[in-house]
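Enquirer: Structure supplied as model.txt; contents: compact mmCIF, C-alpha atoms.
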# COMPACT_ATOMS: atom_id res chain seq x y z
CA MET I 1 0.00 0.00 0.00
CA ALA I 2 1.47 3.28 -1.02
CA LYS I 3 -0.60 5.44 1.28
CA LEU I 4 0.69 6.31 4.75
CA ASN I 5 -1.48 5.47 7.72
CA VAL I 6 -2.41 8.95 8.98
CA ASN I 7 -5.53 10.78 10.09
CA PRO I 8 -7.02 12.89 7.30
CA THR I 9 -6.72 16.22 9.07
CA ARG I 10 -5.55 19.61 7.98
CA MET I 11 -2.61 19.46 10.35
CA GLU I 12 -1.40 16.21 8.82
CA LEU I 13 -1.83 17.74 5.40
CA THR I 14 0.39 20.70 6.28
CA ASN I 15 2.98 18.40 7.81
CA LEU I 16 2.97 16.13 4.78
CA ASN I 17 3.29 19.05 2.41
CA LYS I 18 6.36 20.19 4.30
CA LYS I 19 7.81 16.67 4.24
CA LEU I 20 7.17 16.36 0.54
CA LYS I 21 8.97 19.62 -0.10
CA THR I 22 11.98 18.47 1.93
CA ALA I 23 11.97 15.11 0.20
CA ARG I 24 11.94 16.74 -3.24
CA ARG I 25 14.78 19.04 -2.29
CA GLY I 26 16.78 16.17 -0.80
CA HIS I 27 16.15 14.12 -3.89
CA LYS I 28 17.44 16.84 -6.13
CA LEU I 29 20.56 17.42 -4.03
CA LEU I 30 21.35 13.71 -3.75
CA LYS I 31 20.82 13.27 -7.46
CA ASP I 32 23.32 16.05 -8.13
CA LYS I 33 25.75 14.46 -5.71
CA ARG I 34 25.36 11.11 -7.40
CA ASP I 35 25.92 12.55 -10.84
CA GLU I 36 29.05 14.42 -9.83
CA LEU I 37 30.45 11.43 -7.94
CA MET I 38 29.76 9.27 -10.94
CA ARG I 39 31.57 11.66 -13.26
CA GLN I 40 34.67 11.73 -11.05
CA PHE I 41 34.45 8.00 -10.48
CA ILE I 42 34.46 7.22 -14.18
CA GLU I 43 37.52 9.42 -14.65
CA LEU I 44 39.28 7.66 -11.77
CA VAL I 45 38.41 4.23 -13.09
CA ARG I 46 39.85 5.08 -16.48
CA GLU I 47 43.07 6.23 -14.81
CA ASN I 48 43.03 3.16 -12.61
CA LYS I 49 42.86 0.82 -15.58
CA GLU I 50 45.61 2.64 -17.40
CA LEU I 51 47.87 2.65 -14.32
CA ARG I 52 47.18 -0.99 -13.64
CA ARG I 53 48.18 -1.90 -17.16
CA GLN I 54 51.47 -0.01 -16.82
CA VAL I 55 52.23 -1.40 -13.39
CA GLU I 56 51.47 -4.97 -14.39
CA GLN I 57 53.73 -4.57 -17.38
CA GLY I 58 56.49 -3.05 -15.25
CA ILE I 59 56.33 -5.79 -12.67
CA ALA I 60 56.36 -8.45 -15.34
CA GLN I 61 59.52 -6.88 -16.69
CA ALA I 62 61.10 -6.74 -13.25
CA ASN I 63 60.18 -10.36 -12.68
CA ALA I 64 61.76 -11.31 -15.97
CA HIS I 65 65.02 -9.62 -14.93
CA MET I 66 64.78 -11.30 -11.56
CA SER I 67 64.40 -14.74 -13.13
CA VAL I 68 67.48 -14.18 -15.21
CA ALA I 69 69.36 -12.99 -12.13
CA ARG I 70 68.24 -16.08 -10.28
CA SER I 71 69.46 -18.33 -13.04
CA VAL I 72 72.93 -16.82 -13.18
CA MET I 73 73.41 -16.34 -9.44
CA SER I 74 73.00 -18.82 -6.65
CA ASP I 75 70.02 -18.48 -4.37
CA GLU I 76 72.21 -17.79 -1.37
CA SER I 77 74.08 -14.98 -3.03
CA ILE I 78 70.83 -13.30 -4.06
CA ASP I 79 69.49 -13.72 -0.55
CA ILE I 80 72.63 -12.19 0.85
CA ALA I 81 72.57 -9.33 -1.64
CA LEU I 82 69.01 -8.39 -0.78
CA MET I 83 69.10 -9.34 2.88
CA ILE I 84 69.59 -5.92 4.40
CA PRO I 85 67.80 -3.16 2.54
CA MET I 86 69.44 0.24 2.32
CA GLN I 87 66.37 2.18 1.66
CA GLU I 88 63.25 2.49 3.72
CA MET I 89 60.11 3.97 2.34
CA SER I 90 57.33 5.40 4.42
CA LEU I 91 54.14 7.25 3.66
CA GLU I 92 52.43 10.41 4.75
CA ILE I 93 48.70 10.23 4.24
CA THR I 94 46.59 13.29 3.75
CA GLU I 95 42.95 13.14 2.91
CA LYS I 96 41.16 14.89 0.13
CA ASN I 97 37.47 15.53 0.34
CA VAL I 98 35.66 14.72 -2.88
CA MET I 99 31.91 15.20 -2.50
CA SER I 100 32.20 14.17 1.16
CA VAL I 101 34.15 11.03 0.32
CA MET I 102 37.53 11.14 2.00
CA ILE I 103 40.04 9.82 -0.50
CA PRO I 104 43.65 9.25 0.52
CA VAL I 105 46.61 11.08 -0.94
CA TYR I 106 49.94 9.40 -0.35
CA GLU I 107 53.27 11.09 -0.15
CA SER I 108 56.32 8.91 -0.02
CA LYS I 109 59.30 9.55 2.22
CA PHE I 110 62.69 7.91 2.03
CA ARG I 111 65.09 7.20 4.83
CA THR I 112 68.23 8.12 2.98
CA ALA I 113 68.59 11.47 1.34
CA ASP I 114 69.07 10.05 -2.12
CA GLU I 115 66.01 8.10 -3.07
CA ASN I 116 67.97 6.30 -5.75
CA ASP I 117 69.96 4.63 -3.03
CA ILE I 118 68.41 1.31 -3.84
CA TYR I 119 71.25 -1.12 -4.31
CA SER I 120 71.82 -2.86 -1.02
CA TYR I 121 74.85 -4.78 -2.24
CA GLY I 122 78.26 -4.32 -3.74
CA PHE I 123 78.36 -4.66 -7.49
CA ALA I 124 81.35 -6.98 -7.55
CA PHE I 125 79.65 -10.31 -6.90
CA THR I 126 76.18 -9.81 -8.29
CA SER I 127 74.79 -10.10 -11.75
CA CYS I 128 73.77 -6.99 -13.62
CA ASP I 129 70.36 -8.58 -14.12
CA LEU I 130 69.75 -8.13 -10.43
CA ASP I 131 70.53 -4.45 -10.84
CA ASP I 132 68.06 -4.31 -13.70
CA ALA I 133 65.40 -6.03 -11.64
CA VAL I 134 65.84 -3.67 -8.73
CA LYS I 135 66.01 -0.67 -11.02
CA SER I 136 62.84 -1.54 -12.89
CA LEU I 137 61.00 -2.09 -9.62
CA SER I 138 62.19 1.25 -8.35
CA ASP I 139 61.10 2.90 -11.60
CA ILE I 140 57.63 1.45 -11.30
CA MET I 141 57.25 2.41 -7.64
CA PRO I 142 55.80 5.92 -8.11
CA LEU I 143 53.21 4.42 -10.46
CA MET I 144 52.45 1.71 -7.93
CA LEU I 145 51.84 4.30 -5.25
CA ARG I 146 49.59 6.29 -7.53
CA LEU I 147 47.81 3.03 -8.37
CA ALA I 148 47.23 2.33 -4.69
CA GLU I 149 45.86 5.84 -4.25
CA VAL I 150 43.57 5.65 -7.25
CA GLU I 151 42.38 2.13 -6.61
CA LYS I 152 41.54 2.86 -3.00
CA SER I 153 39.73 6.02 -4.05
CA CYS I 154 37.75 4.01 -6.56
CA GLN I 155 36.73 1.49 -3.93
CA LEU I 156 35.71 4.18 -1.46
CA MET I 157 33.81 6.14 -4.08
CA ALA I 158 32.08 3.02 -5.35
CA SER I 159 30.56 2.31 -1.97
CA GLU I 160 29.58 5.96 -1.54
CA ILE I 161 27.94 6.01 -4.97
CA GLU I 162 26.09 2.83 -4.14
CA LYS I 163 24.73 4.38 -0.96
CA THR I 164 23.78 7.62 -2.67
CA ARG I 165 22.12 5.76 -5.52
CA ARG I 166 20.02 3.80 -3.07
CA ARG I 167 18.96 6.94 -1.27
CA VAL I 168 18.03 8.67 -4.51
CA ASN I 169 15.99 5.66 -5.60
CA ALA I 170 14.29 5.33 -2.24
CA LEU I 171 13.27 8.98 -2.33
CA GLU I 172 12.22 8.90 -5.96
CA HIS I 173 10.31 5.66 -6.02
CA VAL I 174 9.08 5.20 -2.46
CA MET I 175 9.02 8.30 -0.29
CA ILE I 176 7.84 10.91 -2.76
CA PRO I 177 5.02 8.83 -4.33
CA GLN I 178 3.94 7.83 -0.84
CA TYR I 179 3.69 11.43 0.29
CA GLU I 180 1.93 12.48 -2.89
CA GLU I 181 -0.63 9.75 -2.59
CA THR I 182 -1.29 10.46 1.07
CA ILE I 183 -1.68 14.16 0.39
CA LYS I 184 -4.14 13.37 -2.38
CA TYR I 185 -6.05 11.06 -0.06
CA ILE I 186 -6.29 13.67 2.69
CA LYS I 187 -7.41 16.34 0.22
CA MET I 188 -10.13 14.08 -1.15
CA LYS I 189 -11.26 13.16 2.33
CA LEU I 190 -11.39 16.82 3.42
CA ASP I 191 -13.27 17.82 0.24
CA GLU I 192 -15.70 14.99 0.78
CA ASN I 193 -16.29 16.10 4.37
CA GLU I 194 -16.90 19.64 3.18
CA ARG I 195 -19.40 18.52 0.56
CA GLY I 196 -21.10 16.40 3.23
CA THR I 197 -21.37 19.42 5.53
CA ILE I 198 -22.76 21.63 2.78
CA THR I 199 -25.43 19.14 1.78
CA ARG I 200 -26.37 18.64 5.39
CA LEU I 201 -26.64 22.39 5.92
CA MET I 202 -28.79 22.77 2.82
CA LYS I 203 -31.02 19.97 3.97
CA VAL I 204 -31.35 21.46 7.45
CA LYS I 205 -32.07 24.85 5.96
CA ASP I 206 -34.81 23.35 3.78
CA MET I 207 -36.31 21.65 6.79
CA MET I 208 -36.21 24.83 8.84
CA LEU I 209 -37.79 26.85 6.02
CA ALA I 210 -40.44 24.24 5.60
CA GLU I 211 -41.23 24.44 9.25
CA ALA I 212 -41.25 28.25 9.40
CA HIS I 213 -43.47 28.81 6.36
CA ASN I 214 -45.66 25.77 6.85
CA TYR I 215 -44.98 24.47 3.31
CA ASP I 216 -46.36 21.07 4.12
CA GLN I 217 -49.82 22.41 4.91
CA LYS I 218 -50.35 23.91 1.50
CA MET M 1 53.96 7.82 9.48
CA TYR M 2 52.75 4.78 7.62
CA LYS M 3 54.64 1.94 6.04
CA ILE M 4 54.16 -0.16 2.92
CA ALA M 5 53.99 -3.95 2.97
CA VAL M 6 54.29 -6.54 0.25
CA MET M 7 52.82 -10.01 0.71
CA GLY M 8 53.16 -13.10 -1.42
CA ASP M 9 55.52 -15.89 -2.36
CA LYS M 10 59.13 -15.05 -1.75
CA ASP M 11 60.26 -15.14 -5.36
CA SER M 12 57.67 -12.58 -6.40
CA ILE M 13 58.28 -10.05 -3.69
CA TYR M 14 61.96 -10.27 -2.87
CA GLY M 15 62.94 -7.39 -5.11
CA PHE M 16 60.66 -4.98 -3.28
CA ALA M 17 62.77 -5.18 -0.17
CA SER M 18 65.60 -3.40 -1.93
CA ILE M 19 63.51 -0.33 -2.71
CA GLY M 20 62.46 0.05 0.89
CA LEU M 21 59.22 -1.85 1.29
CA ASP M 22 58.66 -4.39 4.05
CA ILE M 23 58.18 -7.87 2.69
CA PHE M 24 56.16 -10.67 4.25
CA PRO M 25 56.71 -13.97 2.47
CA VAL M 26 53.66 -16.22 2.98
CA TYR M 27 52.37 -19.23 1.10
CA GLU M 28 49.45 -20.65 3.06
CA PRO M 29 46.08 -18.84 2.93
CA GLN M 30 45.51 -19.39 6.66
CA VAL M 31 48.89 -17.95 7.53
CA ALA M 32 48.27 -15.14 5.04
CA ILE M 33 45.07 -14.09 6.78
CA LYS M 34 46.82 -14.02 10.15
CA THR M 35 49.77 -12.11 8.73
CA LEU M 36 47.45 -9.68 6.98
CA ARG M 37 45.62 -8.90 10.21
CA ARG M 38 48.91 -8.33 11.96
CA ILE M 39 50.11 -6.06 9.16
CA VAL M 40 46.90 -4.03 9.21
CA ASP M 41 47.29 -3.45 12.94
CA GLY M 42 50.95 -2.63 12.48
CA GLY M 43 50.51 0.74 10.80
CA TYR M 44 50.72 -0.18 7.16
CA ALA M 45 48.71 2.02 4.82
CA VAL M 46 49.38 0.25 1.54
CA ILE M 47 49.64 -3.49 1.20
CA TYR M 48 50.61 -5.01 -2.11
CA ILE M 49 49.66 -8.64 -2.40
CA THR M 50 50.37 -11.08 -5.20
CA GLU M 51 47.29 -11.96 -7.22
CA GLN M 52 47.96 -15.61 -6.67
CA LEU M 53 47.67 -15.21 -2.91
CA ALA M 54 44.88 -12.65 -3.17
CA THR M 55 42.58 -15.06 -4.97
CA GLN M 56 42.89 -17.47 -2.07
CA ILE M 57 41.88 -14.96 0.60
CA GLU M 58 39.52 -12.79 -1.40
CA SER M 59 36.76 -12.76 1.21
CA GLU M 60 39.23 -11.50 3.80
CA LEU M 61 40.39 -8.74 1.46
CA ASP M 62 36.83 -7.64 0.78
CA ARG M 63 36.52 -6.64 4.42
CA TYR M 64 38.97 -3.81 3.86
CA ARG M 65 37.39 -2.54 0.66
CA SER M 66 35.26 0.15 2.22
CA LEU M 67 37.70 1.16 4.96
CA PRO M 68 39.91 4.22 4.39
CA THR M 69 43.08 2.31 5.33
CA PRO M 70 44.70 0.06 4.37
CA ALA M 71 44.67 0.01 0.60
CA ILE M 72 45.18 -3.57 -0.49
CA ILE M 73 46.42 -3.72 -4.04
CA PRO M 74 46.84 -6.98 -5.96
CA ILE M 75 49.95 -7.16 -8.14
CA PRO M 76 51.04 -9.89 -10.52
CA GLY M 77 53.58 -12.36 -9.15
CA VAL M 78 56.19 -14.45 -10.92
CA VAL M 79 53.60 -16.92 -12.17
CA GLY M 80 52.10 -14.20 -14.30
CA ASN M 81 49.01 -12.08 -14.52
CA THR M 82 45.79 -13.75 -13.40
CA GLY M 83 43.64 -10.74 -14.22
CA LEU M 84 42.44 -10.39 -10.64
CA GLY M 85 43.54 -6.77 -10.44
CA MET M 86 41.47 -5.72 -13.43
CA ARG M 87 38.56 -7.79 -12.13
CA ASN M 88 38.74 -5.82 -8.89
CA VAL M 89 38.46 -2.56 -10.79
CA SER M 90 35.48 -3.92 -12.68
CA LYS M 91 33.98 -4.95 -9.36
CA SER M 92 34.14 -1.35 -8.15
CA VAL M 93 32.44 -0.17 -11.31
CA GLU M 94 29.77 -2.80 -10.92
CA GLN M 95 29.17 -1.81 -7.33
CA ALA M 96 28.81 1.84 -8.26
CA VAL M 97 26.91 1.67 -11.52
CA GLY M 98 25.14 -1.64 -11.32
CA SER M 99 26.84 -3.13 -14.32
CA ASP M 100 30.35 -2.97 -15.70
CA ILE M 101 29.98 -0.22 -18.28
CA LEU M 102 33.70 0.31 -18.83
CA SER M 103 34.84 -3.19 -19.65
CA ASP M 104 36.96 -3.51 -22.76
CA ALA M 105 35.40 -6.78 -23.79
If you convert what's in this file into structure tokens, what do you get?

Expert:
Amino acid sequence: MAKLNVNPTRMELTNLNKKLKTARRGHKLLKDKRDELMRQFIELVRENKELRRQVEQGIAQANAHMSVARSVMSDESIDIALMIPMQEMSLEITEKNVMSVMIPVYESKFRTADENDIYSYGFAFTSCDLDDAVKSLSDIMPLMLRLAEVEKSCQLMASEIEKTRRRVNALEHVMIPQYEETIKYIKMKLDENERGTITRLMKVKDMMLAEAHNYDQK
Amino acid sequence: MYKIAVMGDKDSIYGFASIGLDIFPVYEPQVAIKTLRRIVDGGYAVIYITEQLATQIESELDRYRSLPTPAIIPIPGVVGNTGLGMRNVSKSVEQAVGSDILSDA
């Protein structure tokens, strides 16, 4: 049943009219929010896909170098070479507010002053393929960070869009029709009451006139 | 100050140690879930995880989808690209739009 269970009174009618107005306004605002979120989301998703393609390619390349390094060096020597890392990377997170969705912005920090300080081994006893592997990973790192940022933003925005979409739909297809129907019902009921009163008054008036002028005795 | 973690089989993630990320070699899904929970509590904001491992603990990863931190990002391991990463992106689109309108296929 689409009609709300309320008493058909004028006070209810005023209240419902106010609620309907608020609902319409909320609907419009939420719809705008949804549309803007969607626009930004689509842009982010495009970037996300592009970044992911690049990163996956980069990692594949690094892995290829690594496999070659593994085949020319013994496992132990690779383990030793990479055992104690020189560099340490940490993140500062700031948040950016996009249509009330807080999306993260990462900023990387390095322990050593030179961020290219990535080779944790002497070059004498290691294969150059290991250097290549480490180098290609380091090259892809800024992209990987950006990917993390974008992908997380996408996930956060997706759930926000889902929520907003549900709200918009609930307002559009449930709340607003419900209010409209109830308002119509109350108006009809009030009109009907009024007509009832008028007919009754007319009838009473007729009866009183009849009594006063003695119509029935003619 | 947050840190970055890499999870997966040792061969896939070893190189990341040299560029300053913390690596957590794990093979078993059960161990991975435990490790993941420990990492999340340990102040890591970004966690890269090999697709191979990610497919095995997908339901666990889904728990972190709508949280602001950490960002869990699947990356291809040595065994190659399983397409999970792209599927994840499509999943976001599907969640937001209702159907995957941006798929290339």

Enquirer: Quick one: contact table of chain M to chain I, 9 Å max, nearest atom pair and distance in Å to one decimal per residue, counting only C-alpha atoms, chain and number order, as CSV?

Expert:
residue,atom,partner,partner_atom,distance
M:Met1,CA,I:Glu92,CA,5.6
M:Tyr2,CA,I:Leu91,CA,4.9
M:Lys3,CA,I:Ser90,CA,4.7
M:Ile4,CA,I:Ser90,CA,6.6
M:Asp11,CA,I:Met66,CA,8.6
M:Ser12,CA,I:Asn63,CA,7.1
M:Tyr14,CA,I:Leu82,CA,7.6
M:Gly15,CA,I:Val134,CA,5.9
M:Phe16,CA,I:Leu137,CA,7.0
M:Ala17,CA,I:Pro85,CA,6.1
M:Ser18,CA,I:Pro85,CA,5.0
M:Ile19,CA,I:Ile118,CA,5.3
M:Gly20,CA,I:Glu88,CA,3.8
M:Leu21,CA,I:Met89,CA,6.0
M:Asp22,CA,I:Glu88,CA,8.3
M:Tyr44,CA,I:Leu91,CA,8.9
M:Ala45,CA,I:Leu91,CA,7.6
M:Val46,CA,I:Ala148,CA,6.9
M:Ile47,CA,I:Ala148,CA,8.6
M:Tyr48,CA,I:Ala148,CA,8.5
M:Arg65,CA,I:Gln155,CA,6.1
M:Ser66,CA,I:Leu156,CA,5.5
M:Leu67,CA,I:Leu156,CA,7.4
M:Pro68,CA,I:Leu156,CA,7.2
M:Thr69,CA,I:Pro104,CA,8.5
M:Pro70,CA,I:Lys152,CA,8.5
M:Ala71,CA,I:Lys152,CA,5.6
M:Ile72,CA,I:Ala148,CA,7.5
M:Ile73,CA,I:Ala148,CA,6.1
M:Ile75,CA,I:Glu56,CA,6.8
M:Pro76,CA,I:Glu56,CA,6.3
M:Gly77,CA,I:Asn63,CA,7.7
M:Val78,CA,I:Asn63,CA,6.0
M:Gly80,CA,I:Ala60,CA,7.2
M:Asn81,CA,I:Glu56,CA,7.5
M:Gly85,CA,I:Arg52,CA,7.5
M:Met86,CA,I:Lys49,CA,7.0
M:Val89,CA,I:Val45,CA,7.2
M:Ser90,CA,I:Val45,CA,8.7
M:Lys91,CA,I:Gln155,CA,8.9
M:Ser92,CA,I:Ala158,CA,5.6
M:Val93,CA,I:Ala158,CA,6.8
M:Glu94,CA,I:Ala158,CA,8.4
M:Gln95,CA,I:Ala158,CA,6.0
M:Ala96,CA,I:Ala158,CA,4.5
M:Val97,CA,I:Glu162,CA,7.5
M:Gly98,CA,I:Glu162,CA,8.5
M:Leu102,CA,I:Arg46,CA,8.1

Enquirer: Can you work out which one of I:Asp75, I:Lys205, I:Asp35, I:Leu30 has the shortest atom-to-atom distance to M:Lys10, counting all atoms listed in the file?

Expert: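 Distance minimum relative to M:Lys10 lands on I:Asp75.
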
Enquirer: How far is it from atom CA of M:Glu51 to atom CA of M:Leu84, in Å with one decimal?

Expert: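 Taking atom CA of M:Glu51 and atom CA of M:Leu84, their separation equals 6.1 Å.
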
Enquirer: Could you tell me how far atom CA of I:Lys31 sits from atom CA of I:Asn97, in Å to one decimal place?

Expert: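 It comes out at 18.5 Å.
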
Enquirer: Would you mind reading off the distance between atom CA of I:Met11 and atom CA of I:Asn193, one decimal, in Å?

Expert: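 Straight-line distance from atom CA of I:Met11 to atom CA of I:Asn193 works out to 15.3 Å.
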
Enquirer: Of the candidates I:Arg195, I:Thr14, I:Lys28, I:Glu180, which shows the shortest atom-to-atom distance to I:Ala2, using only C-alpha atoms?

Expert: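 When distances to I:Ala2 are compared using only C-alpha atoms, the smallest one comes from I:Glu180.
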